[in-house]
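S.K.: Here's a structure for you.
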There are 2 protein chains.
Amino acid sequence: MISFDDMVTAPSTWLAGDGPHADKVISSRARIARNLSGYCFPHRAKPEDRLRLADTVLPVLQSLPGLRPCHFLRLADVSALDLEILVERHLADSASAAGLVGKATAFRRDERVVVLINAEDHLRISGFAPGFDLWDALRVAKEVESELEYYVEPSYSEQWGYLTSCPTNVGTGLRASLLVHLPGLVLTREVGKVMHGLSQIGLAVRGFRGEGSEVVGNLFQVSNQVTLGKSEEETVETVHQVTAQLLQYEHQAREVLVRDAKAQVEDKIWRALGLLRTARLLTTVEALGLASAVRLGVDLGVIQGVDTSAFNEMIQLAQPAHVQRREGEGLTAEERDAMRAAYVRRRILIE
Amino acid sequence: MISFDDMVTAPSTWLAGDGPHADKVISSRARIARNLSGYCFPHRAKPEDRLRLADTVLPVLQSLPGLRPCHFLRLADVSALDLEILVERHLADSASAAGLVGKATAFRRDERVVVLINAEDHLRISGFAPGFDLWDALRVAKEVESELEYYVEPSYSEQWGYLTSCPTNVGTGLRASLLVHLPGLVLTREVGKVMHGLSQIGLAVRGFRGEGSEVVGNLFQVSNQVTLGKSEEETVETVHQVTAQLLQYEHQAREVLVRDAKAQVEDKIWRALGLLRTARLLTTVEALGLASAVRLGVDLGVIQGVDTSAFNEMIQLAQPAHVQRREGEGLTAEERDAMRAAYVRRRILIE
């Protein structure tokens, strides 16, 4: 059984802050879209068809070794708050979409791999890894996908590859994405230029909450835009190579900051630490922005003695539903900001 | 001899933070304008006439019991930086004005009383007292004025009273002013209305750096606008009474804040403390603004263990020339902001 009480006090294991280049790459994710022959795509399917799909797939998923120990639930069975917690942890798709009938999620207890049922596609299998390791993220996702193909038949065209609800995913159905921390490029105002450059070579860069979202905590999601005409390996290799270059740009930007604006950057870092330690009201966006500056300070050696895992942890634990669930339901936004600030103070107090 | 090195490490004694209602009234000041018969007003006088006046008056001032132990100097003899320090301590008028020839200052070592020579008037005698005590400020100023009248003859008209360079000072030549801390009225946005009300009954309210200056540290200077047709006692009594009413408004505003915006106010106070303790760059205006919030926090009982005298001290010691002189000349504005932040951190570190 899923214990939401336990869940909201610890982040997903892939946010542990270890893994390669964990100082700049928070996590890696490989998401595979699959649809089943004989079923309408979810947005065209009738509620009873979506239910039928879930009834077919859920028992299968529970039996797969790659998902064990497996947690699973139908989204219609959880409260709106718990659903938000799942969304904040990438264990469910946004709940604001159409009805919840037939929607379900199944994930390994360590949250390294999750399968969403009746999301944009029939099945969306995501593998996660801490740090800069797309191959490992792909490995855990592929493991589940391979096991699954033994039981269900995916929609596949010899000409196009895997068929998906949205044409942008046709082909491999693979989206390889990295959550990267780029405070240097933001502070030097280079990030817009870099994003534009990446989009020209077929990569997308988004704020960390996904498409069209604002920049929060200087976190960005880098992913491939193309899924057609490239193998899974090529896709992962491209995203890996380009991100390696991006990390080099970030490194250079940090050098420029230290060289040309040392006093201002140190001031910004120390102020952020001061505010995290004292503020009595904090929004998620501000908390992550301040934690980003502190994380940069640790990376640059400006401050010591602050636990860098706090930043990664906040990416989930400072989110509204996580705060709400920890502190008791029925909080106003202001009370939630107060509870978030109290949580952050406890987390950052080490001097 | 004046030691500027000593001066810049300790505020004037009237900023000690004691005296009546010291939680809201920083200091009291009584300034008496006097001009001497037989001399042109300073702005019309030739340099040699201004020198003659200074040569006449300075030896007299040094001999007055009310000014002993007396420090004195001619403004032309000090460096531009030391002159700025005197201005920041109200021991000289703004140095940006016309030539310095003949300008001089004489003050009691504790800075409770100062006489400016060849400022806007021939003589401007200011008495200072800590807290809400205009009578005491007037007493020290009058003591020097009475002693002085034994040696020099003031310009006096039976019809108009004391004659002054600017018509707004004709009559008593007395400006009674109080430096008050009004964070409650600023935060509730009531201060504009209150200022307008005071101006309607003949009082002026200004930012603490004097006429037309912006609000710094939520500090305001309340003073009489009328010097004609009122006795010194009436003037002091009016300013005292109206300010007592103003303190009542401030008290009510603080009650409203605690009742209607407790979380926001506490957040603001704690953040200010956090920033004072961590910032690496601080302008004078920001430092005083933050110190004002912390001072409010102590007054409201939100925070404990912070030395409230730090706020009063910063009113002088965080000023640019004071910082420059303590840390070494030739600092850039940014270096000065860094030194100011370092001074503030040391001063506020008590937890």
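Scheme for the structure tokens: letters A, B, ... for chains in order shown; per-chain residue numbers from 1; ligand numbers from 1 in order shown.
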Using DSSP on the backbone coordinates, identify all residues within stretch 139-204 of chain A classified as helix (DSSP H, G or I); present the result as a list in words.

M.R.: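 Helix (DSSP H, G or I) assignments inside stretch 139-204 of chain A correspond to Arg139, Val140, Ala141, Lys142, Glu143, Val144, Glu145, Ser146, Glu147, Leu148, Glu149, Pro167, Thr168, Asn169, Pro183, Gly184, Leu185, Val186, Leu187, Val191, Gly192, Lys193, Val194, Met195, His196, Gly197, Leu198, Ser199 and Gln200 of chain A.
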
S.K.: Write out, as JSON lines, each residue of chain A that has an atom at most 6 Å from chain B, together with the closest pair of atoms and their distance in Å to one decimal, counting only C-alpha atoms, rows going by chain and rising number.

M.R.:
```
{"residue": "A:Asp267", "atom": "CA", "partner": "B:Arg280", "partner_atom": "CA", "distance": 4.4}
{"residue": "A:Trp270", "atom": "CA", "partner": "B:Thr278", "partner_atom": "CA", "distance": 5.2}
{"residue": "A:Arg271", "atom": "CA", "partner": "B:Ala279", "partner_atom": "CA", "distance": 5.0}
{"residue": "A:Gly274", "atom": "CA", "partner": "B:Gly274", "partner_atom": "CA", "distance": 4.3}
{"residue": "A:Leu275", "atom": "CA", "partner": "B:Gly274", "partner_atom": "CA", "distance": 5.4}
{"residue": "A:Thr278", "atom": "CA", "partner": "B:Trp270", "partner_atom": "CA", "distance": 5.2}
{"residue": "A:Ala279", "atom": "CA", "partner": "B:Arg271", "partner_atom": "CA", "distance": 5.0}
{"residue": "A:Arg280", "atom": "CA", "partner": "B:Asp267", "partner_atom": "CA", "distance": 4.4}
{"residue": "A:Leu281", "atom": "CA", "partner": "B:Asp267", "partner_atom": "CA", "distance": 5.8}
```

S.K.: Output N, CA and C atoms of each residue in that selection to a file, as an mmCIF file, in the first residue's frame.

M.R.:
```cif
data_model
loop_
_atom_site.group_PDB
_atom_site.id
_atom_site.type_symbol
_atom_site.label_atom_id
_atom_site.label_comp_id
_atom_site.auth_asym_id
_atom_site.auth_seq_id
_atom_site.Cartn_x
_atom_site.Cartn_y
_atom_site.Cartn_z
ATOM 1 N N ASP A 267 27.180 38.219 -2.499
ATOM 2 C CA ASP A 267 26.093 38.891 -1.786
ATOM 3 C C ASP A 267 24.778 38.152 -2.016
ATOM 4 N N TRP A 270 24.796 34.742 -0.096
ATOM 5 C CA TRP A 270 24.646 34.874 1.356
ATOM 6 C C TRP A 270 23.259 35.376 1.743
ATOM 7 N N ARG A 271 22.731 36.325 0.957
ATOM 8 C CA ARG A 271 21.372 36.804 1.230
ATOM 9 C C ARG A 271 20.366 35.660 1.134
ATOM 10 N N GLY A 274 20.542 33.685 4.175
ATOM 11 C CA GLY A 274 19.911 34.433 5.264
ATOM 12 C C GLY A 274 18.398 34.356 5.206
ATOM 13 N N LEU A 275 17.841 34.506 4.008
ATOM 14 C CA LEU A 275 16.386 34.486 3.870
ATOM 15 C C LEU A 275 15.824 33.088 4.125
ATOM 16 N N THR A 278 15.550 32.581 7.797
ATOM 17 C CA THR A 278 14.739 33.459 8.648
ATOM 18 C C THR A 278 13.320 33.689 8.150
ATOM 19 N N ALA A 279 13.080 33.576 6.840
ATOM 20 C CA ALA A 279 11.759 33.939 6.307
ATOM 21 C C ALA A 279 10.669 33.140 7.008
ATOM 22 N N ARG A 280 9.545 33.780 7.212
ATOM 23 C CA ARG A 280 8.381 33.136 7.846
ATOM 24 C C ARG A 280 7.317 32.786 6.838
ATOM 25 N N LEU A 281 7.430 33.288 5.617
ATOM 26 C CA LEU A 281 6.506 32.955 4.529
ATOM 27 C C LEU A 281 7.340 32.727 3.279
#
```

S.K.: With a distance cut-off of 10 Å and only C-alpha atoms, select the neighbouring residues of A:Leu296, excluding the residue or stretch itself and same-chain residues fewer than 6 positions from it, and output the selection as a list in words.

M.R.: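 Contacts, in chain order: Asp23, Lys24, His181, Leu182, Pro183, Gly184, Arg254, Val265, Glu266, Ile269, Leu290, Val302, Ile303 and Thr308 of chain A.
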
S.K.: With only C-alpha atoms as the counted atoms, please give the residues lying no more than 10 Å from A:Ser157, apart from itself and same-chain residues fewer than 4 positions off, as a list in words.

M.R.: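 In the requested form, the answer reads Gly161, Tyr162, Leu163, Val170 and Gly171 of chain A.
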
S.K.: Can I get the selected residues back with N, CA, C and O atoms, as a tab-separated table (two decimals), in the first residue's frame?

M.R.:
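Wrote part27.tsv, looks like this:
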```
chain	number	residue	atom	x	y	z
A	161	GLY	N	7.16	3.26	-37.07
A	161	GLY	CA	7.60	2.88	-35.72
A	161	GLY	C	6.41	2.85	-34.79
A	161	GLY	O	5.27	2.63	-35.21
A	162	TYR	N	6.65	3.13	-33.49
A	162	TYR	CA	5.57	3.11	-32.51
A	162	TYR	C	4.63	4.27	-32.77
A	162	TYR	O	5.07	5.41	-33.00
A	163	LEU	N	3.32	3.97	-32.75
A	163	LEU	CA	2.32	5.01	-32.99
A	163	LEU	C	1.88	5.61	-31.66
A	163	LEU	O	1.72	4.90	-30.67
A	170	VAL	N	5.72	9.93	-32.32
A	170	VAL	CA	5.77	8.77	-33.22
A	170	VAL	C	7.22	8.40	-33.52
A	170	VAL	O	8.08	9.27	-33.64
A	171	GLY	N	7.47	7.09	-33.64
A	171	GLY	CA	8.83	6.62	-33.94
A	171	GLY	C	9.31	5.78	-32.78
A	171	GLY	O	8.77	4.69	-32.53
```

S.K.: Would you please work out which residue, of B:Val144, B:Ala119, B:Val57, B:Leu75, is nearest to B:Arg44 when using only C-alpha atoms?

M.R.: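 Once distances to B:Arg44 are computed over only C-alpha atoms, the minimum belongs to B:Ala119.
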
S.K.: Could you give me, as a list of chain:residue names, the residues within 9 Å of stretch 185-201 of chain A, counting only C-alpha atoms and dropping anything in the same chain fewer than 2 positions from it?

M.R.: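 Here the qualifying residues turn out to be A:Leu182, A:Pro183, A:Leu203, A:Ala204, A:Val205, A:Arg206, A:Asn218, A:Val222, A:Gln225, A:Val242, A:Leu246, A:Tyr249, A:Glu250, A:His251, A:Gln252, A:Ala253, A:Arg254, A:Val256, A:Leu257, A:Val265.
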
S.K.: Among stretch 134-226 of chain A, which residues carry a DSSP assignment of strand (DSSP E or B), reported as a compact mmCIF listing (two decimals) with N, CA and C atoms, in the first residue's frame?

M.R.:
```txt
# COMPACT_ATOMS: atom_id res chain seq x y z
N PRO A 154 1.92 -3.73 -28.72
CA PRO A 154 1.89 -2.29 -28.99
C PRO A 154 1.50 -1.97 -30.42
N TYR A 156 2.22 -0.61 -33.68
CA TYR A 156 3.52 -0.43 -34.31
C TYR A 156 3.34 -0.46 -35.81
N SER A 157 3.99 0.45 -36.50
CA SER A 157 3.94 0.48 -37.96
C SER A 157 5.35 0.26 -38.47
N GLY A 161 7.16 3.26 -37.07
CA GLY A 161 7.60 2.88 -35.72
C GLY A 161 6.41 2.85 -34.79
N TYR A 162 6.65 3.13 -33.49
CA TYR A 162 5.57 3.11 -32.51
C TYR A 162 4.63 4.27 -32.77
N GLY A 171 7.47 7.09 -33.64
CA GLY A 171 8.83 6.62 -33.94
C GLY A 171 9.31 5.78 -32.78
N LEU A 174 10.32 7.81 -27.57
CA LEU A 174 11.23 8.08 -26.45
C LEU A 174 11.50 9.57 -26.25
N ARG A 175 11.31 10.00 -25.06
CA ARG A 175 11.76 11.35 -24.68
C ARG A 175 12.83 11.17 -23.61
N ALA A 176 14.05 11.58 -23.96
CA ALA A 176 15.16 11.52 -23.00
C ALA A 176 15.35 12.92 -22.44
N SER A 177 15.23 13.08 -21.12
CA SER A 177 15.34 14.45 -20.60
C SER A 177 16.19 14.50 -19.35
N LEU A 178 16.81 15.66 -19.16
CA LEU A 178 17.69 15.88 -18.02
C LEU A 178 17.22 17.11 -17.28
N LEU A 179 17.23 17.03 -15.96
CA LEU A 179 16.89 18.19 -15.14
C LEU A 179 18.22 18.82 -14.72
N VAL A 180 18.50 20.01 -15.28
CA VAL A 180 19.82 20.62 -15.04
C VAL A 180 19.67 21.94 -14.27
N HIS A 181 20.69 22.24 -13.50
CA HIS A 181 20.71 23.44 -12.66
C HIS A 181 21.69 24.43 -13.30
N LEU A 203 16.69 20.13 -29.92
CA LEU A 203 16.44 19.85 -28.50
C LEU A 203 15.51 20.90 -27.93
N ALA A 204 14.77 20.53 -26.92
CA ALA A 204 13.88 21.47 -26.26
C ALA A 204 14.43 21.76 -24.87
N VAL A 205 14.34 23.01 -24.46
CA VAL A 205 14.72 23.38 -23.09
C VAL A 205 13.52 24.04 -22.46
N ARG A 206 13.09 23.55 -21.33
CA ARG A 206 11.90 24.08 -20.68
C ARG A 206 12.18 24.31 -19.20
N GLY A 207 11.34 25.16 -18.59
CA GLY A 207 11.39 25.31 -17.14
C GLY A 207 11.04 23.97 -16.52
N VAL A 216 12.01 28.12 -12.56
CA VAL A 216 11.92 28.00 -11.12
C VAL A 216 13.24 27.39 -10.63
N LEU A 219 16.21 25.83 -12.69
CA LEU A 219 16.17 24.44 -13.15
C LEU A 219 15.58 24.38 -14.55
N PHE A 220 16.20 23.60 -15.41
CA PHE A 220 15.72 23.47 -16.78
C PHE A 220 15.67 22.00 -17.15
N GLN A 221 14.74 21.69 -18.05
CA GLN A 221 14.60 20.34 -18.55
C GLN A 221 15.06 20.33 -20.01
N VAL A 222 16.09 19.60 -20.28
CA VAL A 222 16.60 19.48 -21.65
C VAL A 222 16.12 18.15 -22.19
N SER A 223 15.52 18.16 -23.39
CA SER A 223 15.06 16.89 -23.96
C SER A 223 15.08 16.94 -25.48
N ASN A 224 14.98 15.76 -26.08
CA ASN A 224 14.91 15.69 -27.54
C ASN A 224 13.52 16.09 -28.02
```

S.K.: Using only C-alpha atoms, find each residue in stretch 76-137 of chain A having at least one atom no more than 7 Å away from stretch 51-54 of chain A; report its shortest atom-to-atom pair and that distance in Å (one decimal), rows by chain then rising number, as JSON lines.

M.R.:
```
{"residue": "A:Val101", "atom": "CA", "partner": "A:Leu51", "partner_atom": "CA", "distance": 6.6}
{"residue": "A:Gly102", "atom": "CA", "partner": "A:Leu51", "partner_atom": "CA", "distance": 4.3}
{"residue": "A:Ala104", "atom": "CA", "partner": "A:Ala54", "partner_atom": "CA", "distance": 6.9}
{"residue": "A:Ile117", "atom": "CA", "partner": "A:Ala54", "partner_atom": "CA", "distance": 6.6}
```

S.K.: What does the structure give for the distance between atom CA of A:Arg29 and atom CA of A:Glu286, in Å to one decimal?

M.R.: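 Computed distance, atom CA of A:Arg29 to atom CA of A:Glu286, equals 25.2 Å.
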
S.K.: Return the single residue from A:Asp307, A:Ala333, A:Asn118, A:Glu232 that is closest to A:Phe41, with distances computed using only C-alpha atoms.

M.R.: A:Asn118

S.K.: For B:Leu73, please output as a PyMOL selection string all residues within 10 Å (counting only C-alpha atoms; exclusion window: fewer than 5 positions along the same chain).

M.R.: chain B and resi 1-2+58+78+103-107
